[in-house]
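**Student:** Structure file final-v7.tsv, TSV, C-alpha atoms, is pasted below:
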```tsv
chain	number	residue	atom	x	y	z
U	1	MET	CA	-15.50	65.60	-69.44
U	2	ALA	CA	-11.73	65.75	-69.95
U	3	SER	CA	-9.50	66.13	-66.89
U	4	SER	CA	-8.20	69.41	-68.33
U	5	ASP	CA	-11.67	70.87	-67.81
U	6	TYR	CA	-11.13	70.60	-64.08
U	7	GLU	CA	-7.76	72.33	-64.04
U	8	ILE	CA	-7.35	75.79	-62.53
U	9	ILE	CA	-6.49	78.50	-65.06
U	10	THR	CA	-3.81	80.82	-63.71
U	11	ASP	CA	-3.31	83.07	-66.73
U	12	PRO	CA	-4.42	86.55	-65.55
U	13	TRP	CA	-5.44	87.46	-69.11
U	14	ASN	CA	-7.90	84.57	-69.23
U	15	PRO	CA	-11.39	85.53	-68.00
U	16	LYS	CA	-11.64	82.11	-66.31
U	17	CYS	CA	-8.48	82.71	-64.29
U	18	VAL	CA	-8.62	81.76	-60.60
U	19	ARG	CA	-5.65	83.24	-58.80
U	20	ALA	CA	-5.84	84.45	-55.20
U	21	CYS	CA	-4.62	87.97	-54.50
U	22	SER	CA	-4.19	89.86	-51.24
U	23	MET	CA	-7.01	92.23	-50.32
U	24	TYR	CA	-4.90	94.81	-48.50
U	25	ILE	CA	-1.39	96.23	-48.05
U	26	PRO	CA	0.54	94.53	-45.22
U	27	GLY	CA	0.35	96.54	-42.02
U	28	LYS	CA	-2.64	98.55	-43.21
U	29	GLU	CA	-5.41	96.03	-42.74
U	30	SER	CA	-8.73	97.40	-41.53
U	31	GLU	CA	-10.52	96.30	-38.38
U	32	GLY	CA	-12.96	94.36	-40.52
U	33	THR	CA	-10.09	92.50	-42.15
U	34	LYS	CA	-8.68	91.55	-38.77
U	35	LEU	CA	-12.06	90.23	-37.65
U	36	MET	CA	-12.38	88.24	-40.86
U	37	LEU	CA	-8.95	86.65	-40.35
U	38	GLU	CA	-9.87	85.70	-36.78
U	39	LYS	CA	-13.07	84.19	-38.10
U	40	ILE	CA	-11.11	82.05	-40.54
U	41	ARG	CA	-8.21	80.88	-38.38
U	42	GLY	CA	-8.92	82.11	-34.87
U	43	LYS	CA	-6.90	84.70	-32.98
U	44	ARG	CA	-3.31	85.06	-34.09
U	45	ASP	CA	-0.78	83.49	-31.74
U	46	LYS	CA	2.86	82.45	-31.72
U	47	ARG	CA	2.10	79.15	-33.44
U	48	ILE	CA	1.28	80.96	-36.66
U	49	HIS	CA	4.28	81.01	-39.01
U	50	ASN	CA	5.85	84.26	-40.16
U	51	HIS	CA	5.64	83.88	-43.93
U	52	THR	CA	5.75	87.04	-45.95
U	53	GLN	CA	2.73	88.07	-47.98
U	54	ALA	CA	4.50	86.96	-51.18
U	55	GLU	CA	5.24	83.55	-49.68
U	56	GLU	CA	1.63	83.10	-48.60
U	57	HIS	CA	0.49	84.20	-52.05
U	58	ARG	CA	2.49	81.32	-53.50
U	59	ILE	CA	1.30	78.86	-50.81
U	60	ILE	CA	-2.41	79.50	-51.23
U	61	ASN	CA	-2.27	79.46	-55.03
U	62	ASP	CA	-0.29	76.21	-54.99
U	63	GLN	CA	-3.04	74.68	-52.85
U	64	ILE	CA	-5.75	76.01	-55.15
U	65	VAL	CA	-4.08	74.53	-58.23
U	66	LYS	CA	-3.29	71.20	-56.55
U	67	SER	CA	-6.82	70.68	-55.20
U	68	GLN	CA	-8.48	72.40	-58.16
U	69	GLY	CA	-10.00	74.88	-55.76
U	70	PHE	CA	-11.70	72.51	-53.33
U	71	ASP	CA	-9.21	71.86	-50.52
U	72	VAL	CA	-7.32	74.85	-49.11
U	73	ASP	CA	-5.98	75.10	-45.56
U	74	PHE	CA	-6.88	78.61	-44.45
U	75	SER	CA	-6.08	78.02	-40.78
U	76	LYS	CA	-2.41	79.07	-40.98
U	77	LEU	CA	-2.72	82.09	-43.26
U	78	ARG	CA	-1.80	85.45	-41.80
U	79	TYR	CA	-3.13	87.47	-44.73
U	80	LEU	CA	-6.55	87.82	-46.27
U	81	PHE	CA	-7.03	86.88	-49.93
U	82	ASP	CA	-9.94	87.07	-52.34
U	83	PHE	CA	-10.21	83.29	-52.15
U	84	LEU	CA	-12.12	82.54	-48.93
U	85	PRO	CA	-14.02	79.74	-47.19
U	86	ALA	CA	-17.80	80.06	-46.97
U	87	PHE	CA	-19.28	80.42	-43.50
U	88	LEU	CA	-22.12	77.95	-43.93
U	89	ASP	CA	-23.70	78.40	-40.51
U	90	ASP	CA	-23.09	82.10	-40.01
U	91	ALA	CA	-26.40	83.59	-38.92
U	92	ASP	CA	-24.98	87.11	-39.10
U	93	SER	CA	-23.95	86.87	-42.75
U	94	ASP	CA	-25.77	89.31	-45.03
U	95	THR	CA	-24.42	87.79	-48.26
U	96	GLY	CA	-26.91	84.94	-48.39
U	97	ARG	CA	-24.03	82.53	-49.04
U	98	ASP	CA	-25.07	80.08	-46.33
U	99	ARG	CA	-25.70	76.33	-46.07
U	100	ASP	CA	-29.14	76.57	-47.67
U	101	TYR	CA	-27.79	78.54	-50.62
U	102	PHE	CA	-25.00	76.07	-51.37
U	103	GLY	CA	-27.39	73.20	-50.70
U	104	ARG	CA	-29.63	74.40	-53.53
U	105	LEU	CA	-26.66	74.71	-55.87
U	106	SER	CA	-25.48	71.22	-54.90
U	107	ALA	CA	-28.92	69.72	-55.51
U	108	GLU	CA	-28.98	71.31	-58.98
U	109	ALA	CA	-25.46	70.05	-59.67
U	110	ILE	CA	-26.23	66.43	-58.73
U	111	GLU	CA	-29.41	66.53	-60.82
U	112	ILE	CA	-27.37	67.56	-63.87
U	113	TYR	CA	-24.82	64.84	-63.02
U	114	ASN	CA	-27.57	62.19	-62.87
U	115	LYS	CA	-28.93	63.18	-66.27
U	116	THR	CA	-25.47	63.14	-67.82
U	117	GLU	CA	-24.22	59.92	-66.22
U	118	GLY	CA	-27.49	58.03	-65.99
U	119	THR	CA	-27.27	57.68	-62.20
U	120	GLY	CA	-29.72	58.21	-59.36
U	121	PHE	CA	-27.84	60.12	-56.66
U	122	GLU	CA	-29.71	62.27	-54.17
U	123	PHE	CA	-28.25	65.31	-52.41
U	124	VAL	CA	-27.69	64.89	-48.66
U	125	GLU	CA	-25.64	67.78	-47.24
U	126	VAL	CA	-22.95	70.37	-47.92
U	127	GLU	CA	-19.55	69.69	-46.35
U	128	LYS	CA	-17.81	72.94	-47.25
U	129	ALA	CA	-17.47	75.58	-49.92
U	130	ASN	CA	-14.78	78.01	-51.10
U	131	ILE	CA	-15.51	81.30	-52.80
U	132	TYR	CA	-13.30	83.13	-55.28
U	133	SER	CA	-14.36	86.74	-55.85
U	134	ASN	CA	-13.17	88.69	-58.85
U	135	SER	CA	-15.26	89.78	-61.81
U	136	GLY	CA	-17.91	87.55	-60.34
U	137	GLU	CA	-17.93	84.63	-57.95
U	138	VAL	CA	-16.73	81.09	-58.43
U	139	PHE	CA	-17.98	78.53	-55.91
U	140	PHE	CA	-16.07	75.32	-55.20
U	141	ILE	CA	-18.59	73.16	-53.31
U	142	THR	CA	-17.91	69.84	-51.61
U	143	PHE	CA	-21.08	67.94	-50.74
U	144	VAL	CA	-22.42	64.48	-49.93
U	145	ALA	CA	-24.96	62.53	-51.97
U	146	LYS	CA	-26.41	59.03	-51.63
U	147	ASP	CA	-27.07	56.43	-54.29
U	148	PRO	CA	-30.22	54.24	-54.59
U	149	LEU	CA	-28.61	51.74	-52.18
U	150	HIS	CA	-28.22	54.59	-49.62
U	151	GLN	CA	-24.43	54.49	-49.85
U	152	THR	CA	-22.95	57.98	-49.55
U	153	LYS	CA	-20.36	59.47	-51.88
U	154	VAL	CA	-18.55	62.82	-51.76
U	155	PHE	CA	-18.96	65.11	-54.76
U	156	GLN	CA	-17.36	68.33	-55.91
U	157	ALA	CA	-19.12	70.98	-57.95
U	158	LYS	CA	-17.79	74.15	-59.52
U	159	VAL	CA	-20.43	76.83	-60.00
U	160	ILE	CA	-19.89	80.27	-61.54
U	161	HIS	CA	-21.95	83.33	-60.69
U	162	VAL	CA	-21.12	86.27	-62.92
U	163	PHE	CA	-22.43	89.61	-61.74
U	164	CYS	CA	-25.80	90.51	-63.28
U	165	ARG	CA	-25.95	87.08	-64.94
U	166	GLU	CA	-27.39	83.69	-64.11
U	167	ILE	CA	-25.71	80.81	-62.33
U	168	VAL	CA	-23.60	78.55	-64.56
U	169	HIS	CA	-22.78	75.01	-63.47
U	170	SER	CA	-19.27	74.32	-64.70
U	171	PHE	CA	-19.01	70.69	-63.61
U	172	CYS	CA	-19.96	68.14	-60.96
U	173	ARG	CA	-17.91	65.04	-60.24
U	174	LEU	CA	-17.10	62.40	-57.64
U	175	LYS	CA	-14.30	63.64	-55.39
U	176	PRO	CA	-11.03	62.11	-56.65
U	177	ASN	CA	-9.15	59.56	-54.53
U	178	GLN	CA	-11.91	59.17	-51.98
U	179	GLN	CA	-12.28	55.89	-50.14
U	180	VAL	CA	-15.25	54.26	-51.80
U	181	THR	CA	-17.23	51.62	-49.91
U	182	PHE	CA	-18.80	48.67	-51.65
U	183	ASP	CA	-21.46	47.74	-49.13
U	184	GLY	CA	-24.06	47.62	-51.85
U	185	GLU	CA	-22.03	45.24	-53.95
U	186	GLU	CA	-21.27	43.10	-50.87
U	187	SER	CA	-24.98	42.91	-50.08
U	188	ILE	CA	-25.72	41.73	-53.60
U	189	ALA	CA	-22.93	39.16	-53.39
U	190	LYS	CA	-24.26	37.83	-50.07
U	191	LYS	CA	-27.72	37.41	-51.57
U	192	ALA	CA	-26.27	35.54	-54.54
U	193	SER	CA	-24.24	33.30	-52.22
U	194	SER	CA	-27.33	32.56	-50.13
U	195	THR	CA	-29.27	31.64	-53.27
U	196	ARG	CA	-26.51	29.25	-54.37
U	197	LYS	CA	-26.49	27.57	-50.94
U	198	LYS	CA	-30.25	27.05	-51.08
U	199	LYS	CA	-29.95	25.51	-54.51
U	200	ARG	CA	-27.24	23.13	-53.27
U	201	LYS	CA	-29.33	22.25	-50.20
U	202	HIS	CA	-32.36	21.38	-52.31
U	203	GLY	CA	-30.39	20.10	-55.27
U	204	LEU	CA	-32.07	16.67	-55.10
U	205	LYS	CA	-35.46	18.27	-55.41
U	206	ILE	CA	-34.35	20.40	-58.35
U	207	LYS	CA	-32.97	17.41	-60.23
U	208	ARG	CA	-36.04	15.33	-59.46
U	209	GLY	CA	-37.83	16.43	-62.60
U	210	LEU	CA	-34.99	15.11	-64.77
U	211	ILE	CA	-35.85	11.45	-63.98
U	212	HIS	CA	-39.35	10.14	-64.65
U	213	SER	CA	-40.22	7.48	-62.10
U	214	ASP	CA	-42.95	6.38	-59.77
U	215	PRO	CA	-44.15	9.41	-57.71
U	216	GLN	CA	-44.38	7.13	-54.68
U	217	VAL	CA	-40.69	6.32	-54.92
U	218	ASP	CA	-39.80	10.01	-55.43
U	219	ASP	CA	-41.56	10.82	-52.20
U	220	LEU	CA	-39.64	8.08	-50.42
U	221	VAL	CA	-36.32	9.42	-51.73
U	222	LEU	CA	-37.14	12.89	-50.43
U	223	GLY	CA	-37.88	11.46	-47.01
U	224	ASP	CA	-41.42	12.77	-46.87
U	225	LYS	CA	-43.03	10.20	-44.60
U	226	GLN	CA	-46.46	11.62	-45.03
U	227	ALA	CA	-46.21	11.72	-48.81
U	228	ALA	CA	-44.84	8.16	-48.74
U	229	GLN	CA	-48.11	6.79	-47.45
U	230	PRO	CA	-50.03	5.18	-50.31
U	231	LYS	CA	-53.12	7.13	-51.32
U	232	SER	CA	-55.66	4.97	-53.02
U	233	LYS	CA	-57.51	7.94	-54.56
U	234	GLU	CA	-54.44	9.48	-56.19
U	235	HIS	CA	-52.52	6.37	-57.25
U	236	GLY	CA	-55.11	3.62	-57.22
U	237	SER	CA	-52.66	1.20	-55.47
U	238	PRO	CA	-54.03	-1.49	-53.15
U	239	THR	CA	-53.33	-1.21	-49.44
U	240	ALA	CA	-51.11	-3.87	-47.93
U	241	THR	CA	-52.75	-5.67	-45.02
U	242	TYR	CA	-51.80	-8.45	-42.68
U	243	GLY	CA	-54.14	-10.72	-44.59
U	244	ASN	CA	-52.40	-10.12	-47.88
U	245	ARG	CA	-48.70	-10.36	-47.03
U	246	ALA	CA	-47.77	-11.88	-50.40
U	247	GLU	CA	-49.07	-8.89	-52.28
U	248	GLY	CA	-47.37	-6.55	-49.83
U	249	ASP	CA	-44.05	-8.35	-50.21
U	250	GLU	CA	-44.34	-8.16	-53.98
U	251	LYS	CA	-44.97	-4.41	-53.78
U	252	GLU	CA	-42.03	-3.95	-51.42
U	253	GLN	CA	-39.73	-5.78	-53.83
U	254	ARG	CA	-40.97	-3.60	-56.70
U	255	THR	CA	-40.41	-0.47	-54.64
U	256	MET	CA	-36.89	-1.48	-53.65
U	257	SER	CA	-36.09	-2.31	-57.28
U	258	VAL	CA	-37.26	1.12	-58.44
U	259	LEU	CA	-35.33	2.75	-55.58
U	260	ALA	CA	-32.14	1.02	-56.69
U	261	ASN	CA	-32.67	2.26	-60.25
U	262	ARG	CA	-33.46	5.72	-58.89
U	263	PHE	CA	-30.22	6.04	-56.89
U	264	SER	CA	-28.23	4.58	-59.77
U	265	ALA	CA	-29.63	7.31	-62.02
U	266	LEU	CA	-28.99	10.00	-59.42
U	267	GLY	CA	-25.37	8.89	-59.18
U	268	SER	CA	-24.79	10.18	-62.68
U	269	PHE	CA	-25.67	13.78	-61.63
U	270	ASP	CA	-23.36	16.23	-59.89
U	271	LEU	CA	-25.19	17.11	-56.70
```
Before anything else, please render the file you have as structure tokens.
**Tutor:**
Amino acid sequence: MASSDYEIITDPWNPKCVRACSMYIPGKESEGTKLMLEKIRGKRDKRIHNHTQAEEHRIINDQIVKSQGFDVDFSKLRYLFDFLPAFLDDADSDTGRDRDYFGRLSAEAIEIYNKTEGTGFEFVEVEKANIYSNSGEVFFITFVAKDPLHQTKVFQAKVIHVFCREIVHSFCRLKPNQQVTFDGEESIAKKASSTRKKKRKHGLKIKRGLIHSDPQVDDLVLGDKQAAQPKSKEHGSPTATYGNRAEGDEKEQRTMSVLANRFSALGSFDL
């Protein structure tokens, strides 16, 4: 999807226009409007700036365009616009626009994203949502999803609900400029490093098959004392005894000779 598809349309003649407008004439706000403002930013106090309605109109729309609808600071606004934050945990809301509602939309959005991008993300939770109300409703949802390695990423989804029509998923994407962790990749790298260390540790054993020599001598090189003991059934070699020292000495000389050849051959390999 091209980046232009994410941009906010501000042309009022375009049916896809998203441009916040004031919902009342200054000084004539209803009691319900006052309660809504307090719900958004708390009770008005001296810390709130004294921007005019026109100035706030410019401020909120600049934020909408810059964040493409997802990140707007409502806390300092003195006026009420038709671009509002969703009250996810409001038990008194009769609109049905709560955490469960936006959770369902987010789960649908990430499913479409997975099919399009070939990924396997799973919805976790909704962080926040903004609602633009005009000829219908446009939802700007920020939510968290996890990948198959259980690493979480933040996503943004734009969903359109036109009155008397079905829900339309405009797009779903990873939130731009977020700090992405690479724990999964680090885990894979650590496993690969561990495998390489094991190979280096047992490198002699791995290269053993490259040189064909007496199995008895191979066992001696590996330091396996038990395997170094001659086994008459497997190798058919005579057992050296005190009564046959000459034969034992001859075998020892043969063994040492083969050992020397063995180490000479091993010297040619990069261990």
**Student:** So, with only C-alpha atoms as the atoms that count, which of U:Tyr79, U:Phe139, U:Phe70, U:Tyr113 lies closest to Lys34 in chain U?
**Tutor:**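 Checking each candidate against Lys34 in chain U, we get U:Tyr79 as the closest.
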**Student:** So how far away is CA of Glu122 in chain U from CA of Gln63 in chain U, in Å?
**Tutor:**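 Computed distance, CA of Gln63 in chain U to CA of Glu122 in chain U, equals 29.4 Å.
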**Student:** For CA of Arg173 in chain U and CA of Trp13 in chain U, quote the distance in Å rounded to one decimal.
**Tutor:**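 The value is 27.1 Å.
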**Student:** What gap, in Å, lies between CA of Ile141 in chain U and CA of Arg78 in chain U?
**Tutor:**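 Value for the CA of Ile141 in chain U-CA of Arg78 in chain U distance: 23.8 Å.
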**Student:** Which neighbours of Gln156 in chain U fall inside 8 Å, counting all atoms listed in the file, when residues of the same chain fewer than 2 positions from it are skipped, and could you give them as a PDB file with C-alpha atoms, in the coordinates of the input?
**Tutor:**
```pdb
ATOM      1  CA  PHE U  70     -11.700  72.510 -53.330  1.00  0.00           C
ATOM      2  CA  PHE U 140     -16.070  75.320 -55.200  1.00  0.00           C
ATOM      3  CA  ILE U 141     -18.590  73.160 -53.310  1.00  0.00           C
ATOM      4  CA  THR U 142     -17.910  69.840 -51.610  1.00  0.00           C
ATOM      5  CA  PHE U 143     -21.080  67.940 -50.740  1.00  0.00           C
ATOM      6  CA  VAL U 154     -18.550  62.820 -51.760  1.00  0.00           C
ATOM      7  CA  LYS U 158     -17.790  74.150 -59.520  1.00  0.00           C
ATOM      8  CA  CYS U 172     -19.960  68.140 -60.960  1.00  0.00           C
ATOM      9  CA  ARG U 173     -17.910  65.040 -60.240  1.00  0.00           C
ATOM     10  CA  LEU U 174     -17.100  62.400 -57.640  1.00  0.00           C
ATOM     11  CA  LYS U 175     -14.300  63.640 -55.390  1.00  0.00           C
TER      12      LYS U 175
END
```
**Student:** Padding 5 Å on each side, edges along x, y and z: where is the centre of the box around the listed atoms of range 3-19 of chain U, and how long are its edges in Å to one decimal? Output it as JSON.
**Tutor:**
```
{"center_x": -7.5, "center_y": 76.8, "center_z": -64.0, "size_x": 18.4, "size_y": 31.3, "size_z": 20.4}
```
**Student:** Pull the neighbourhood of (-9.5, 71.5, -50.0) for me: all residues within 10 Å in file coordinates, counting all atoms listed in the file, as a PyMOL selection string.
**Tutor:** chain U and resi 63-64+66-74+85+128-130+140-142
**Student:** Have a look at U:Val138, U:Met36, U:Val124, U:Leu84 and name the one nearest to Arg104 in chain U; count all atoms listed in the file.
**Tutor:** U:Val124
**Student:** Because some atoms of range 14-35 of chain U are absent here, can you restore N, CA, C and O atoms and send them as a CSV table (one decimal), keeping the file's coordinate frame?
**Tutor:**
```csv
chain,number,residue,atom,x,y,z
U,14,ASN,N,-6.8,85.5,-68.9
U,14,ASN,CA,-7.9,84.6,-69.2
U,14,ASN,C,-9.1,84.9,-68.3
U,14,ASN,O,-8.9,85.0,-67.1
U,15,PRO,N,-10.3,85.2,-68.8
U,15,PRO,CA,-11.4,85.5,-68.0
U,15,PRO,C,-11.8,84.5,-67.0
U,15,PRO,O,-12.5,84.7,-66.0
U,16,LYS,N,-11.3,83.2,-67.2
U,16,LYS,CA,-11.6,82.1,-66.3
U,16,LYS,C,-10.5,81.9,-65.3
U,16,LYS,O,-10.5,80.9,-64.5
U,17,CYS,N,-9.6,82.8,-65.2
U,17,CYS,CA,-8.5,82.7,-64.3
U,17,CYS,C,-9.0,82.7,-62.8
U,17,CYS,O,-9.8,83.5,-62.4
U,18,VAL,N,-8.4,81.8,-62.1
U,18,VAL,CA,-8.6,81.8,-60.6
U,18,VAL,C,-7.2,81.9,-59.9
U,18,VAL,O,-6.5,80.9,-59.9
U,19,ARG,N,-7.0,83.0,-59.4
U,19,ARG,CA,-5.6,83.2,-58.8
U,19,ARG,C,-5.8,84.2,-57.6
U,19,ARG,O,-6.2,85.4,-57.8
U,20,ALA,N,-5.6,83.7,-56.4
U,20,ALA,CA,-5.8,84.4,-55.2
U,20,ALA,C,-4.9,85.6,-55.1
U,20,ALA,O,-3.7,85.5,-55.4
U,21,CYS,N,-5.4,86.8,-54.7
U,21,CYS,CA,-4.6,88.0,-54.5
U,21,CYS,C,-5.0,88.6,-53.1
U,21,CYS,O,-6.1,88.4,-52.6
U,22,SER,N,-4.0,89.2,-52.6
U,22,SER,CA,-4.2,89.9,-51.2
U,22,SER,C,-5.2,91.0,-51.4
U,22,SER,O,-5.2,91.7,-52.4
U,23,MET,N,-6.0,91.2,-50.3
U,23,MET,CA,-7.0,92.2,-50.3
U,23,MET,C,-6.6,93.5,-49.6
U,23,MET,O,-7.4,94.4,-49.5
U,24,TYR,N,-5.3,93.6,-49.2
U,24,TYR,CA,-4.9,94.8,-48.5
U,24,TYR,C,-3.4,94.9,-48.5
U,24,TYR,O,-2.7,93.9,-48.7
U,25,ILE,N,-2.8,96.0,-48.2
U,25,ILE,CA,-1.4,96.2,-48.0
U,25,ILE,C,-1.0,95.8,-46.7
U,25,ILE,O,-1.6,96.2,-45.7
U,26,PRO,N,0.1,95.0,-46.5
U,26,PRO,CA,0.5,94.5,-45.2
U,26,PRO,C,0.7,95.7,-44.2
U,26,PRO,O,1.3,96.7,-44.6
U,27,GLY,N,0.2,95.5,-43.0
U,27,GLY,CA,0.4,96.5,-42.0
U,27,GLY,C,-0.7,97.6,-42.1
U,27,GLY,O,-0.8,98.4,-41.2
U,28,LYS,N,-1.6,97.6,-43.1
U,28,LYS,CA,-2.6,98.6,-43.2
U,28,LYS,C,-4.0,97.9,-43.3
U,28,LYS,O,-4.9,98.5,-43.9
U,29,GLU,N,-4.1,96.7,-42.7
U,29,GLU,CA,-5.4,96.0,-42.7
U,29,GLU,C,-6.4,96.8,-41.9
U,29,GLU,O,-6.1,97.3,-40.8
U,30,SER,N,-7.7,96.8,-42.3
U,30,SER,CA,-8.7,97.4,-41.5
U,30,SER,C,-9.2,96.5,-40.4
U,30,SER,O,-8.8,95.3,-40.3
U,31,GLU,N,-10.0,97.1,-39.5
U,31,GLU,CA,-10.5,96.3,-38.4
U,31,GLU,C,-11.4,95.1,-38.9
U,31,GLU,O,-11.4,94.1,-38.3
U,32,GLY,N,-12.1,95.4,-39.9
U,32,GLY,CA,-13.0,94.4,-40.5
U,32,GLY,C,-12.1,93.2,-41.1
U,32,GLY,O,-12.5,92.0,-40.9
U,33,THR,N,-11.0,93.5,-41.6
U,33,THR,CA,-10.1,92.5,-42.2
U,33,THR,C,-9.6,91.6,-41.0
U,33,THR,O,-9.5,90.4,-41.1
U,34,LYS,N,-9.2,92.3,-39.9
U,34,LYS,CA,-8.7,91.6,-38.8
U,34,LYS,C,-9.7,90.6,-38.2
U,34,LYS,O,-9.4,89.5,-37.9
U,35,LEU,N,-11.0,91.1,-38.1
U,35,LEU,CA,-12.1,90.2,-37.6
U,35,LEU,C,-12.3,89.0,-38.6
U,35,LEU,O,-12.6,87.9,-38.1
```
